[in-house]
file my_file.cif (mmCIF, C-alpha atoms)
data_work
loop_
_atom_site.group_PDB
_atom_site.id
_atom_site.type_symbol
_atom_site.label_atom_id
_atom_site.label_comp_id
_atom_site.auth_asym_id
_atom_site.auth_seq_id
_atom_site.Cartn_x
_atom_site.Cartn_y
_atom_site.Cartn_z
ATOM 1 C CA MET A 102 -45.660 3.855 12.352
ATOM 2 C CA SER A 103 -42.598 2.243 10.759
ATOM 3 C CA SER A 104 -39.676 1.336 12.956
ATOM 4 C CA GLU A 105 -36.436 3.246 12.651
ATOM 5 C CA ALA A 106 -33.923 1.807 10.155
ATOM 6 C CA PRO A 107 -31.023 -0.035 11.805
ATOM 7 C CA LYS A 108 -27.851 2.003 12.254
ATOM 8 C CA LEU A 109 -25.085 1.089 9.825
ATOM 9 C CA ASN A 110 -21.685 0.262 11.295
ATOM 10 C CA PHE A 111 -18.704 -0.129 8.955
ATOM 11 C CA VAL A 112 -15.842 -2.072 10.543
ATOM 12 C CA LEU A 113 -12.387 -1.408 9.101
ATOM 13 C CA PHE A 114 -9.303 -3.616 9.421
ATOM 14 C CA PRO A 115 -6.138 -1.803 8.257
ATOM 15 C CA LEU A 116 -2.872 -3.678 7.856
ATOM 16 C CA MET A 117 -0.254 -2.640 10.428
ATOM 17 C CA SER A 118 1.831 -0.608 7.995
ATOM 18 C CA GLN A 119 1.662 3.150 7.499
ATOM 19 C CA GLY A 120 1.321 2.909 3.711
ATOM 20 C CA HIS A 121 -1.804 0.811 4.263
ATOM 21 C CA MET A 122 -3.138 2.457 7.419
ATOM 22 C CA ILE A 123 -3.167 6.080 6.261
ATOM 23 C CA PRO A 124 -5.530 5.582 3.279
ATOM 24 C CA MET A 125 -7.728 3.271 5.357
ATOM 25 C CA MET A 126 -8.036 5.934 8.056
ATOM 26 C CA ASP A 127 -8.992 8.445 5.377
ATOM 27 C CA ILE A 128 -11.713 6.034 4.218
ATOM 28 C CA ALA A 129 -12.917 5.731 7.821
ATOM 29 C CA LYS A 130 -13.273 9.511 8.160
ATOM 30 C CA ILE A 131 -15.038 9.856 4.806
ATOM 31 C CA LEU A 132 -17.553 7.163 5.765
ATOM 32 C CA ALA A 133 -18.164 8.772 9.155
ATOM 33 C CA GLN A 134 -18.902 12.079 7.415
ATOM 34 C CA GLN A 135 -21.820 10.338 5.678
ATOM 35 C CA GLY A 136 -23.565 9.825 9.014
ATOM 36 C CA VAL A 137 -22.816 6.123 9.576
ATOM 37 C CA SER A 138 -20.943 4.589 12.492
ATOM 38 C CA VAL A 139 -17.369 3.525 11.812
ATOM 39 C CA THR A 140 -15.268 1.169 13.924
ATOM 40 C CA VAL A 141 -11.559 0.780 13.200
ATOM 41 C CA ILE A 142 -9.995 -2.362 14.638
ATOM 42 C CA THR A 143 -6.262 -2.277 15.227
ATOM 43 C CA THR A 144 -3.677 -2.674 17.996
ATOM 44 C CA HIS A 145 -2.644 -0.396 20.843
ATOM 45 C CA HIS A 146 0.471 1.153 19.314
ATOM 46 C CA ASN A 147 -1.187 1.633 15.936
ATOM 47 C CA ALA A 148 -4.296 3.151 17.499
ATOM 48 C CA SER A 149 -2.169 5.681 19.402
ATOM 49 C CA ARG A 150 -0.926 7.117 16.096
ATOM 50 C CA PHE A 151 -4.447 8.168 15.074
ATOM 51 C CA THR A 152 -6.066 9.011 18.416
ATOM 52 C CA ALA A 153 -5.658 12.769 17.971
ATOM 53 C CA THR A 154 -6.929 12.680 14.368
ATOM 54 C CA PHE A 155 -10.019 10.710 15.338
ATOM 55 C CA ALA A 156 -10.629 12.970 18.338
ATOM 56 C CA ARG A 157 -11.004 15.920 15.975
ATOM 57 C CA SER A 158 -13.483 13.918 13.866
ATOM 58 C CA ILE A 159 -15.494 13.025 16.973
ATOM 59 C CA ASP A 160 -15.525 16.661 18.093
ATOM 60 C CA SER A 161 -16.998 17.585 14.698
ATOM 61 C CA GLY A 162 -19.856 15.116 15.216
ATOM 62 C CA SER A 163 -18.591 11.973 13.467
ATOM 63 C CA GLN A 164 -19.438 8.612 15.005
ATOM 64 C CA ILE A 165 -16.053 6.958 14.704
ATOM 65 C CA LYS A 166 -14.037 4.938 17.189
ATOM 66 C CA LEU A 167 -10.843 2.909 17.528
ATOM 67 C CA VAL A 168 -11.014 -0.544 19.072
ATOM 68 C CA GLU A 169 -7.769 -2.081 20.253
ATOM 69 C CA LEU A 170 -6.738 -5.737 20.020
ATOM 70 C CA GLN A 171 -3.920 -7.442 21.872
ATOM 71 C CA PHE A 172 -1.262 -8.083 19.227
ATOM 72 C CA PRO A 173 0.470 -11.480 19.651
ATOM 73 C CA TYR A 174 4.009 -10.247 19.002
ATOM 74 C CA GLN A 175 5.484 -12.682 21.543
ATOM 75 C CA GLU A 176 3.891 -15.675 19.823
ATOM 76 C CA ALA A 177 5.393 -14.484 16.546
ATOM 77 C CA GLY A 178 8.849 -14.048 18.066
ATOM 78 C CA LEU A 179 8.804 -10.271 17.671
ATOM 79 C CA PRO A 180 10.222 -7.740 20.163
ATOM 80 C CA ASP A 181 7.858 -6.348 22.794
ATOM 81 C CA GLY A 182 5.499 -3.744 21.374
ATOM 82 C CA CYS A 183 6.473 -4.462 17.770
ATOM 83 C CA GLU A 184 3.107 -3.968 16.066
ATOM 84 C CA ASN A 185 3.869 -2.175 12.810
ATOM 85 C CA LEU A 186 6.085 -2.781 9.798
ATOM 86 C CA ASP A 187 8.107 0.340 10.606
ATOM 87 C CA MET A 188 8.851 -1.000 14.102
ATOM 88 C CA LEU A 189 10.518 -4.202 12.932
ATOM 89 C CA PRO A 190 14.189 -4.665 13.820
ATOM 90 C CA SER A 191 14.740 -5.740 10.203
ATOM 91 C CA LEU A 192 12.614 -6.379 7.119
ATOM 92 C CA GLY A 193 13.598 -10.041 7.418
ATOM 93 C CA THR A 194 11.067 -10.344 10.253
ATOM 94 C CA GLY A 195 8.253 -9.001 8.090
ATOM 95 C CA LEU A 196 6.768 -12.464 7.541
ATOM 96 C CA SER A 197 6.450 -12.912 11.303
ATOM 97 C CA LEU A 198 4.449 -9.687 11.481
ATOM 98 C CA PHE A 199 2.090 -10.824 8.692
ATOM 99 C CA ASN A 200 1.623 -14.210 10.362
ATOM 100 C CA ALA A 201 0.805 -12.525 13.673
ATOM 101 C CA ALA A 202 -1.624 -10.154 11.932
ATOM 102 C CA ASN A 203 -3.544 -13.203 10.620
ATOM 103 C CA SER A 204 -3.173 -15.414 13.699
ATOM 104 C CA ASN A 205 -5.925 -17.346 15.456
ATOM 105 C CA THR A 206 -5.256 -15.185 18.515
ATOM 106 C CA LEU A 207 -6.417 -12.063 16.676
ATOM 107 C CA LYS A 208 -9.228 -13.931 14.940
ATOM 108 C CA GLU A 209 -10.652 -15.098 18.274
ATOM 109 C CA GLN A 210 -10.506 -11.561 19.701
ATOM 110 C CA VAL A 211 -12.356 -10.204 16.662
ATOM 111 C CA GLU A 212 -15.057 -12.897 16.861
ATOM 112 C CA LYS A 213 -15.704 -12.054 20.507
ATOM 113 C CA LEU A 214 -15.762 -8.341 19.655
ATOM 114 C CA PHE A 215 -18.284 -8.846 16.841
ATOM 115 C CA GLU A 216 -20.664 -10.593 19.221
ATOM 116 C CA GLU A 217 -20.641 -7.557 21.514
ATOM 117 C CA LEU A 218 -20.208 -4.642 19.076
ATOM 118 C CA THR A 219 -22.914 -1.960 19.086
ATOM 119 C CA PRO A 220 -24.310 -1.153 16.593
ATOM 120 C CA PRO A 221 -23.796 -4.628 15.092
ATOM 121 C CA PRO A 222 -21.360 -4.738 12.163
ATOM 122 C CA SER A 223 -23.006 -4.038 8.799
ATOM 123 C CA CYS A 224 -19.994 -4.279 6.503
ATOM 124 C CA ILE A 225 -16.294 -5.138 6.743
ATOM 125 C CA ILE A 226 -13.605 -3.234 4.860
ATOM 126 C CA SER A 227 -10.324 -5.062 5.347
ATOM 127 C CA ASP A 228 -6.873 -4.950 3.844
ATOM 128 C CA MET A 229 -6.149 -7.559 1.186
ATOM 129 C CA CYS A 230 -3.232 -8.738 3.370
ATOM 130 C CA LEU A 231 -5.646 -9.775 6.163
ATOM 131 C CA PRO A 232 -7.402 -12.798 4.605
ATOM 132 C CA TYR A 233 -8.661 -14.081 7.975
ATOM 133 C CA THR A 234 -11.291 -11.323 7.868
ATOM 134 C CA ALA A 235 -12.982 -13.204 5.027
ATOM 135 C CA ASN A 236 -13.718 -16.005 7.498
ATOM 136 C CA ILE A 237 -15.094 -13.462 9.974
ATOM 137 C CA ALA A 238 -17.388 -12.053 7.283
ATOM 138 C CA GLY A 239 -18.604 -15.540 6.385
ATOM 139 C CA LYS A 240 -19.245 -16.549 9.975
ATOM 140 C CA PHE A 241 -21.293 -13.445 10.780
ATOM 141 C CA ASN A 242 -22.890 -13.239 7.317
ATOM 142 C CA ILE A 243 -21.571 -9.711 6.722
ATOM 143 C CA PRO A 244 -20.513 -8.309 3.328
ATOM 144 C CA ARG A 245 -16.798 -7.637 3.019
ATOM 145 C CA ILE A 246 -14.926 -5.179 0.797
ATOM 146 C CA SER A 247 -11.241 -5.859 0.215
ATOM 147 C CA PHE A 248 -8.958 -2.817 0.265
ATOM 148 C CA VAL A 249 -6.166 -2.958 -2.331
ATOM 149 C CA GLY A 250 -3.680 -0.100 -2.196
ATOM 150 C CA GLN A 251 -2.378 -0.441 -5.739
ATOM 151 C CA SER A 252 -3.040 2.304 -8.260
ATOM 152 C CA CYS A 253 -6.175 2.089 -10.414
ATOM 153 C CA PHE A 254 -4.080 1.868 -13.582
ATOM 154 C CA SER A 255 -2.100 -1.085 -12.226
ATOM 155 C CA LEU A 256 -5.296 -2.916 -11.253
ATOM 156 C CA PHE A 257 -6.812 -2.112 -14.661
ATOM 157 C CA CYS A 258 -3.794 -3.620 -16.436
ATOM 158 C CA LEU A 259 -3.850 -6.746 -14.259
ATOM 159 C CA TYR A 260 -7.583 -7.122 -14.894
ATOM 160 C CA ASN A 261 -7.120 -6.933 -18.667
ATOM 161 C CA LEU A 262 -4.218 -9.382 -18.584
ATOM 162 C CA GLY A 263 -6.434 -11.803 -16.693
ATOM 163 C CA ILE A 264 -9.617 -11.664 -18.748
ATOM 164 C CA HIS A 265 -7.800 -11.658 -22.104
ATOM 165 C CA ARG A 266 -5.346 -14.414 -21.040
ATOM 166 C CA VAL A 267 -2.529 -12.729 -22.929
ATOM 167 C CA LEU A 268 0.274 -14.415 -21.016
ATOM 168 C CA SER A 269 -0.866 -17.910 -22.010
ATOM 169 C CA GLY A 270 0.345 -17.204 -25.533
ATOM 170 C CA ILE A 271 3.732 -15.759 -24.566
ATOM 171 C CA THR A 272 6.612 -18.200 -25.088
ATOM 172 C CA SER A 273 9.643 -15.986 -24.452
ATOM 173 C CA GLU A 274 10.660 -13.637 -21.660
ATOM 174 C CA THR A 275 11.706 -11.055 -24.248
ATOM 175 C CA GLU A 276 8.589 -11.257 -26.401
ATOM 176 C CA TYR A 277 6.597 -8.042 -26.753
ATOM 177 C CA PHE A 278 2.842 -7.988 -26.503
ATOM 178 C CA VAL A 279 0.180 -5.292 -26.557
ATOM 179 C CA LEU A 280 -1.835 -4.848 -23.395
ATOM 180 C CA PRO A 281 -5.467 -5.149 -24.538
ATOM 181 C CA GLY A 282 -8.199 -2.747 -23.534
ATOM 182 C CA THR A 283 -6.048 0.386 -23.493
ATOM 183 C CA ARG A 284 -7.153 2.021 -26.738
ATOM 184 C CA PRO A 285 -6.693 4.681 -28.086
ATOM 185 C CA PHE A 286 -3.125 4.033 -26.875
ATOM 186 C CA ASP A 287 -1.039 0.941 -27.521
ATOM 187 C CA ILE A 288 0.882 -0.080 -24.423
ATOM 188 C CA PHE A 289 3.706 -2.482 -25.191
ATOM 189 C CA LEU A 290 4.979 -4.760 -22.442
ATOM 190 C CA VAL A 291 7.881 -7.168 -22.324
ATOM 191 C CA TYR A 292 9.164 -9.716 -19.855
ATOM 192 C CA PHE A 293 12.658 -8.571 -18.922
ATOM 193 C CA GLY A 294 14.499 -11.692 -17.892
ATOM 194 C CA THR A 295 18.250 -12.115 -17.798
ATOM 195 C CA GLU A 296 18.765 -11.019 -21.413
ATOM 196 C CA ILE A 297 18.377 -7.294 -20.818
ATOM 197 C CA ARG A 298 20.622 -6.208 -23.674
ATOM 198 C CA ALA A 299 18.778 -8.371 -26.177
ATOM 199 C CA ALA A 300 15.482 -6.942 -24.971
ATOM 200 C CA LEU A 301 16.736 -3.373 -25.323
ATOM 201 C CA SER A 302 17.913 -4.128 -28.848
ATOM 202 C CA MET A 303 14.431 -5.401 -29.648
ATOM 203 C CA LEU A 304 12.971 -2.240 -28.138
ATOM 204 C CA GLU A 305 15.107 -0.086 -30.437
ATOM 205 C CA GLU A 306 13.918 -2.087 -33.453
ATOM 206 C CA LEU A 307 10.326 -1.687 -32.315
ATOM 207 C CA LEU A 308 10.626 2.087 -31.955
ATOM 208 C CA GLU A 309 12.115 2.369 -35.443
ATOM 209 C CA LYS A 310 9.084 0.614 -36.904
ATOM 210 C CA LEU A 311 6.331 2.256 -34.847
ATOM 211 C CA ASN A 312 3.865 4.363 -36.810
ATOM 212 C CA PRO A 313 3.221 7.052 -35.741
ATOM 213 C CA PHE A 314 6.704 7.552 -34.345
ATOM 214 C CA PRO A 315 6.866 7.731 -30.511
ATOM 215 C CA CYS A 316 6.470 11.242 -29.138
ATOM 216 C CA CYS A 317 7.334 10.365 -25.529
ATOM 217 C CA ILE A 318 8.693 7.475 -23.444
ATOM 218 C CA ILE A 319 7.464 6.744 -19.917
ATOM 219 C CA SER A 320 9.731 4.252 -18.160
ATOM 220 C CA ASP A 321 10.127 2.965 -14.627
ATOM 221 C CA LYS A 322 12.824 4.507 -12.458
ATOM 222 C CA TYR A 323 14.427 1.065 -12.151
ATOM 223 C CA MET A 324 15.091 0.979 -15.905
ATOM 224 C CA PRO A 325 17.666 3.745 -16.386
ATOM 225 C CA CYS A 326 18.944 2.001 -19.514
ATOM 226 C CA VAL A 327 15.866 3.284 -21.364
ATOM 227 C CA ALA A 328 17.306 6.792 -20.975
ATOM 228 C CA ASP A 329 19.949 5.922 -23.591
ATOM 229 C CA ILE A 330 17.232 4.895 -26.031
ATOM 230 C CA ALA A 331 15.355 8.152 -25.440
ATOM 231 C CA ILE A 332 18.538 10.106 -26.178
ATOM 232 C CA LYS A 333 19.288 8.039 -29.275
ATOM 233 C CA PHE A 334 15.851 8.692 -30.764
ATOM 234 C CA LYS A 335 15.656 12.261 -29.394
ATOM 235 C CA VAL A 336 12.391 11.496 -27.617
ATOM 236 C CA PRO A 337 11.509 13.068 -24.239
ATOM 237 C CA ARG A 338 11.385 10.615 -21.369
ATOM 238 C CA ILE A 339 9.272 10.719 -18.211
ATOM 239 C CA VAL A 340 10.434 8.662 -15.234
ATOM 240 C CA PHE A 341 7.670 6.761 -13.428
ATOM 241 C CA ASP A 342 8.173 6.577 -9.672
ATOM 242 C CA GLY A 343 5.520 4.419 -8.020
ATOM 243 C CA THR A 344 6.347 5.682 -4.534
ATOM 244 C CA ASN A 345 3.405 7.445 -2.891
ATOM 245 C CA CYS A 346 3.431 11.226 -2.479
ATOM 246 C CA LEU A 347 3.862 11.109 1.307
ATOM 247 C CA ASN A 348 6.935 8.906 0.946
ATOM 248 C CA LEU A 349 8.450 11.243 -1.626
ATOM 249 C CA LEU A 350 7.727 14.255 0.587
ATOM 250 C CA CYS A 351 9.354 12.546 3.586
ATOM 251 C CA ASN A 352 12.438 11.689 1.526
ATOM 252 C CA HIS A 353 12.614 15.276 0.276
ATOM 253 C CA ASN A 354 12.407 16.689 3.808
ATOM 254 C CA LEU A 355 14.893 14.184 5.198
ATOM 255 C CA HIS A 356 17.343 15.209 2.512
ATOM 256 C CA GLY A 357 16.687 18.916 3.093
ATOM 257 C CA TYR A 358 16.895 18.964 6.901
ATOM 258 C CA LYS A 359 19.548 16.190 7.156
ATOM 259 C CA VAL A 360 18.439 15.182 10.658
ATOM 260 C CA TYR A 361 19.705 11.650 10.016
ATOM 261 C CA GLU A 362 23.355 12.705 9.890
ATOM 262 C CA THR A 363 23.819 13.168 13.636
ATOM 263 C CA VAL A 364 22.091 10.051 15.036
ATOM 264 C CA SER A 365 22.855 6.336 15.312
ATOM 265 C CA ASP A 366 20.867 3.549 13.612
ATOM 266 C CA SER A 367 18.908 2.832 16.792
ATOM 267 C CA ASP A 368 17.953 6.466 17.452
ATOM 268 C CA HIS A 369 14.533 7.846 16.575
ATOM 269 C CA ILE A 370 14.128 10.569 13.958
ATOM 270 C CA ILE A 371 11.247 13.007 13.566
ATOM 271 C CA VAL A 372 10.540 13.896 9.948
ATOM 272 C CA LEU A 373 10.423 17.687 9.883
ATOM 273 C CA GLY A 374 8.240 19.920 7.731
ATOM 274 C CA LEU A 375 5.035 17.855 8.014
ATOM 275 C CA PRO A 376 1.659 18.817 9.564
ATOM 276 C CA HIS A 377 1.630 15.647 11.700
ATOM 277 C CA ARG A 378 4.370 13.957 13.702
ATOM 278 C CA ILE A 379 6.064 11.063 11.908
ATOM 279 C CA GLU A 380 8.784 9.293 13.870
ATOM 280 C CA MET A 381 11.009 6.386 12.851
ATOM 281 C CA ARG A 382 14.358 4.805 13.573
ATOM 282 C CA LYS A 383 17.324 5.646 11.380
ATOM 283 C CA SER A 384 17.643 1.914 10.612
ATOM 284 C CA HIS A 385 14.241 2.094 8.891
ATOM 285 C CA LEU A 386 15.260 4.857 6.491
ATOM 286 C CA PRO A 387 16.003 4.124 2.828
ATOM 287 C CA LEU A 388 19.583 3.056 2.150
ATOM 288 C CA ILE A 389 20.410 6.403 0.575
ATOM 289 C CA PHE A 390 20.166 7.985 4.040
ATOM 290 C CA ARG A 391 22.179 5.250 5.785
ATOM 291 C CA ALA A 392 25.154 4.952 3.435
#
call {"tool": "encode", "arguments": {"input": "my_file.cif", "output": "structure tokens"}}
result
Amino acid sequence: MSSEAPKLNFVLFPLMSQGHMIPMMDIAKILAQQGVSVTVITTHHNASRFTATFARSIDSGSQIKLVELQFPYQEAGLPDGCENLDMLPSLGTGLSLFNAANSNTLKEQVEKLFEELTPPPSCIISDMCLPYTANIAGKFNIPRISFVGQSCFSLFCLYNLGIHRVLSGITSETEYFVLPGTRPFDIFLVYFGTEIRAALSMLEELLEKLNPFPCCIISDKYMPCVADIAIKFKVPRIVFDGTNCLNLLCNHNLHGYKVYETVSDSDHIIVLGLPHRIEMRKSHLPLIFRA
């Protein structure tokens, strides 16, 4: 009679930032729904944000658990209990948080945990901003998948730029080039350096010569000057906003409920109109809400 196959245990390492943690926690729940064990390694304050969510998964039969590490915020010179990007007193201390998240103190805790973890780790899924986990994977001879939160289209473009070595032939910051591998569409890119006006003039010349003539412009929200070109050529323009949907929803609700207007920068704010509790300090809000 054959022995039972060993139980798989996926170990996840999310970066201590909500924009990174939320999709990683979704991955953890999806994996657990496939019948494998899932272990999420994070710190005390970050674990507390997902305890209720994971409890519901456990009640439904998923084998998923949170394991807490002692975060070395004191070694990094961070305030007590500062374990997430949204808890920082200022974004200027962000580097200290990243250094602490990749410190030898955490690495040693993880190594000890891996020696005792049951079932033994089968695979690591770790955030790209936690490179120390690559050493853990090598030491324990465990495959590792790197989580990258960028959009698929962005990664696809970067991949094509790399394999086709397009940039090696670019000599000017205002020189246009076609991004390869995007047929049937031609995607034109340009390095916008300090000569913005010259680049926009070149863009107008390009549009005049394009065949077939452009039927739509999609431009980044940080390039409002392209709106004038769209008006000049009477072409509809779509504004690309790379902010994730949750962020946009939070901004919309903050603007609608205006809870930020009656509190100080150090006070905590609960974002209303969401299924789960999201709390932050006013000082962490976008500048538009702190002006």
call {"tool": "residues_around", "arguments": {"input": "my_file.cif", "residues": "Ser320 of chain A", "least_positions_apart": "3", "cutoff": "9 Å", "atoms": "all atoms listed in the file", "output": "PyMOL selection string"}}
result
chain A and resi 323-325+327-328+338-342
call {"tool": "atom_distance", "arguments": {"input": "my_file.cif", "atom1": "atom CA of Phe254 of chain A", "atom2": "atom CA of Ile131 of chain A"}}
result
22.8 Å
call {"tool": "resolve_selection", "arguments": {"input": "my_file.cif", "expression": "the PyMOL selection byres ((chain A and resi 199-201) around 8)", "output": "PyMOL selection string"}}
result
chain A and resi 172-174+176-177+195-198+202-204+207+230
call {"tool": "write_last_selection", "arguments": {"input": "my_file.cif", "atoms": "C-alpha atoms", "output": "PDB file, keeping the file's coordinate frame"}}
result
ATOM      1  CA  PHE A 172      -1.262  -8.083  19.227  1.00  0.00           C
ATOM      2  CA  PRO A 173       0.470 -11.480  19.651  1.00  0.00           C
ATOM      3  CA  TYR A 174       4.009 -10.247  19.002  1.00  0.00           C
ATOM      4  CA  GLU A 176       3.891 -15.675  19.823  1.00  0.00           C
ATOM      5  CA  ALA A 177       5.393 -14.484  16.546  1.00  0.00           C
ATOM      6  CA  GLY A 195       8.253  -9.001   8.090  1.00  0.00           C
ATOM      7  CA  LEU A 196       6.768 -12.464   7.541  1.00  0.00           C
ATOM      8  CA  SER A 197       6.450 -12.912  11.303  1.00  0.00           C
ATOM      9  CA  LEU A 198       4.449  -9.687  11.481  1.00  0.00           C
ATOM     10  CA  ALA A 202      -1.624 -10.154  11.932  1.00  0.00           C
ATOM     11  CA  ASN A 203      -3.544 -13.203  10.620  1.00  0.00           C
ATOM     12  CA  SER A 204      -3.173 -15.414  13.699  1.00  0.00           C
ATOM     13  CA  LEU A 207      -6.417 -12.063  16.676  1.00  0.00           C
ATOM     14  CA  CYS A 230      -3.232  -8.738   3.370  1.00  0.00           C
TER      15      CYS A 230
END
call {"tool": "closest_residue", "arguments": {"input": "my_file.cif", "among": "A:Leu259, A:Met117, A:Ile330, A:Val139", "to": "Glu306 of chain A", "atoms": "all atoms listed in the file"}}
result
A:Ile330
call {"tool": "resolve_selection", "arguments": {"input": "my_file.cif", "expression": "the PyMOL selection byres ((chain A and resi 191) around 12)", "output": "PyMOL selection string"}}
result
chain A and resi 179-180+183+185-190+192-198+366-367+382-386
call {"tool": "closest_residue", "arguments": {"input": "my_file.cif", "among": "A:Lys213, A:Arg245, A:Arg150, A:Lys130", "to": "Phe114 of chain A", "atoms": "only C-alpha atoms"}}
result
A:Arg245
call {"tool": "resolve_selection", "arguments": {"input": "my_file.cif", "expression": "the PyMOL selection byres ((chain A and resi 247) around 12)", "output": "number ranges by chain"}}
result
A: 112-116, 125, 224-235, 238, 244-246, 248-251
call {"tool": "atom_distance", "arguments": {"input": "my_file.cif", "atom1": "atom CA of Asn354 of chain A", "atom2": "atom CA of Gly374 of chain A"}}
result
6.6 Å
call {"tool": "atom_distance", "arguments": {"input": "my_file.cif", "atom1": "atom CA of Gln171 of chain A", "atom2": "atom CA of Gln210 of chain A"}}
result
8.1 Å
call {"tool": "closest_residue", "arguments": {"input": "my_file.cif", "among": "A:Thr272, A:Thr206, A:Ser138, A:Thr344", "to": "Gln175 of chain A", "atoms": "only C-alpha atoms"}}
result
A:Thr206
call {"tool": "closest_residue", "arguments": {"input": "my_file.cif", "among": "A:Asn345, A:Thr144, A:Gln119, A:Ser255", "to": "Leu280 of chain A", "atoms": "all atoms listed in the file"}}
result
A:Ser255
call {"tool": "build_atoms", "arguments": {"input": "my_file.cif", "residues": "segment 316-322 of chain A", "atoms": "all heavy atoms", "output": "tab-separated table (two decimals), keeping the file's coordinate frame"}}
result
chain	number	residue	atom	x	y	z
A	316	CYS	N	6.27	9.84	-29.49
A	316	CYS	CA	6.47	11.24	-29.14
A	316	CYS	C	6.95	11.39	-27.70
A	316	CYS	O	7.39	12.47	-27.30
A	316	CYS	CB	5.18	12.04	-29.34
A	316	CYS	SG	3.78	11.37	-28.43
A	317	CYS	N	6.89	10.31	-26.92
A	317	CYS	CA	7.33	10.36	-25.53
A	317	CYS	C	7.52	8.95	-25.00
A	317	CYS	O	6.80	8.03	-25.41
A	317	CYS	CB	6.33	11.14	-24.67
A	317	CYS	SG	6.81	11.30	-22.93
A	318	ILE	N	8.47	8.76	-24.10
A	318	ILE	CA	8.69	7.48	-23.44
A	318	ILE	C	8.44	7.67	-21.95
A	318	ILE	O	8.93	8.63	-21.35
A	318	ILE	CB	10.13	6.97	-23.66
A	318	ILE	CG1	10.35	6.59	-25.12
A	318	ILE	CG2	10.42	5.77	-22.76
A	318	ILE	CD1	11.78	6.16	-25.43
A	319	ILE	N	7.67	6.77	-21.37
A	319	ILE	CA	7.46	6.74	-19.92
A	319	ILE	C	8.03	5.42	-19.43
A	319	ILE	O	7.53	4.35	-19.78
A	319	ILE	CB	5.98	6.85	-19.54
A	319	ILE	CG1	5.38	8.13	-20.14
A	319	ILE	CG2	5.82	6.86	-18.02
A	319	ILE	CD1	3.88	8.27	-19.89
A	320	SER	N	9.08	5.48	-18.62
A	320	SER	CA	9.73	4.25	-18.16
A	320	SER	C	9.92	4.28	-16.65
A	320	SER	O	10.02	5.34	-16.03
A	320	SER	CB	11.09	4.07	-18.85
A	320	SER	OG	11.95	5.15	-18.54
A	321	ASP	N	9.96	3.10	-16.07
A	321	ASP	CA	10.13	2.96	-14.63
A	321	ASP	C	11.49	3.47	-14.18
A	321	ASP	O	12.48	3.38	-14.92
A	321	ASP	CB	9.96	1.49	-14.23
A	321	ASP	CG	9.77	1.32	-12.73
A	321	ASP	OD1	10.78	1.32	-12.00
A	321	ASP	OD2	8.62	1.17	-12.31
A	322	LYS	N	11.56	3.98	-12.97
A	322	LYS	CA	12.82	4.51	-12.46
A	322	LYS	C	13.89	3.43	-12.33
A	322	LYS	O	15.09	3.75	-12.27
A	322	LYS	CB	12.61	5.17	-11.10
A	322	LYS	CG	12.21	4.22	-9.98
A	322	LYS	CD	12.10	4.96	-8.66
A	322	LYS	CE	11.73	4.02	-7.51
A	322	LYS	NZ	11.67	4.72	-6.22
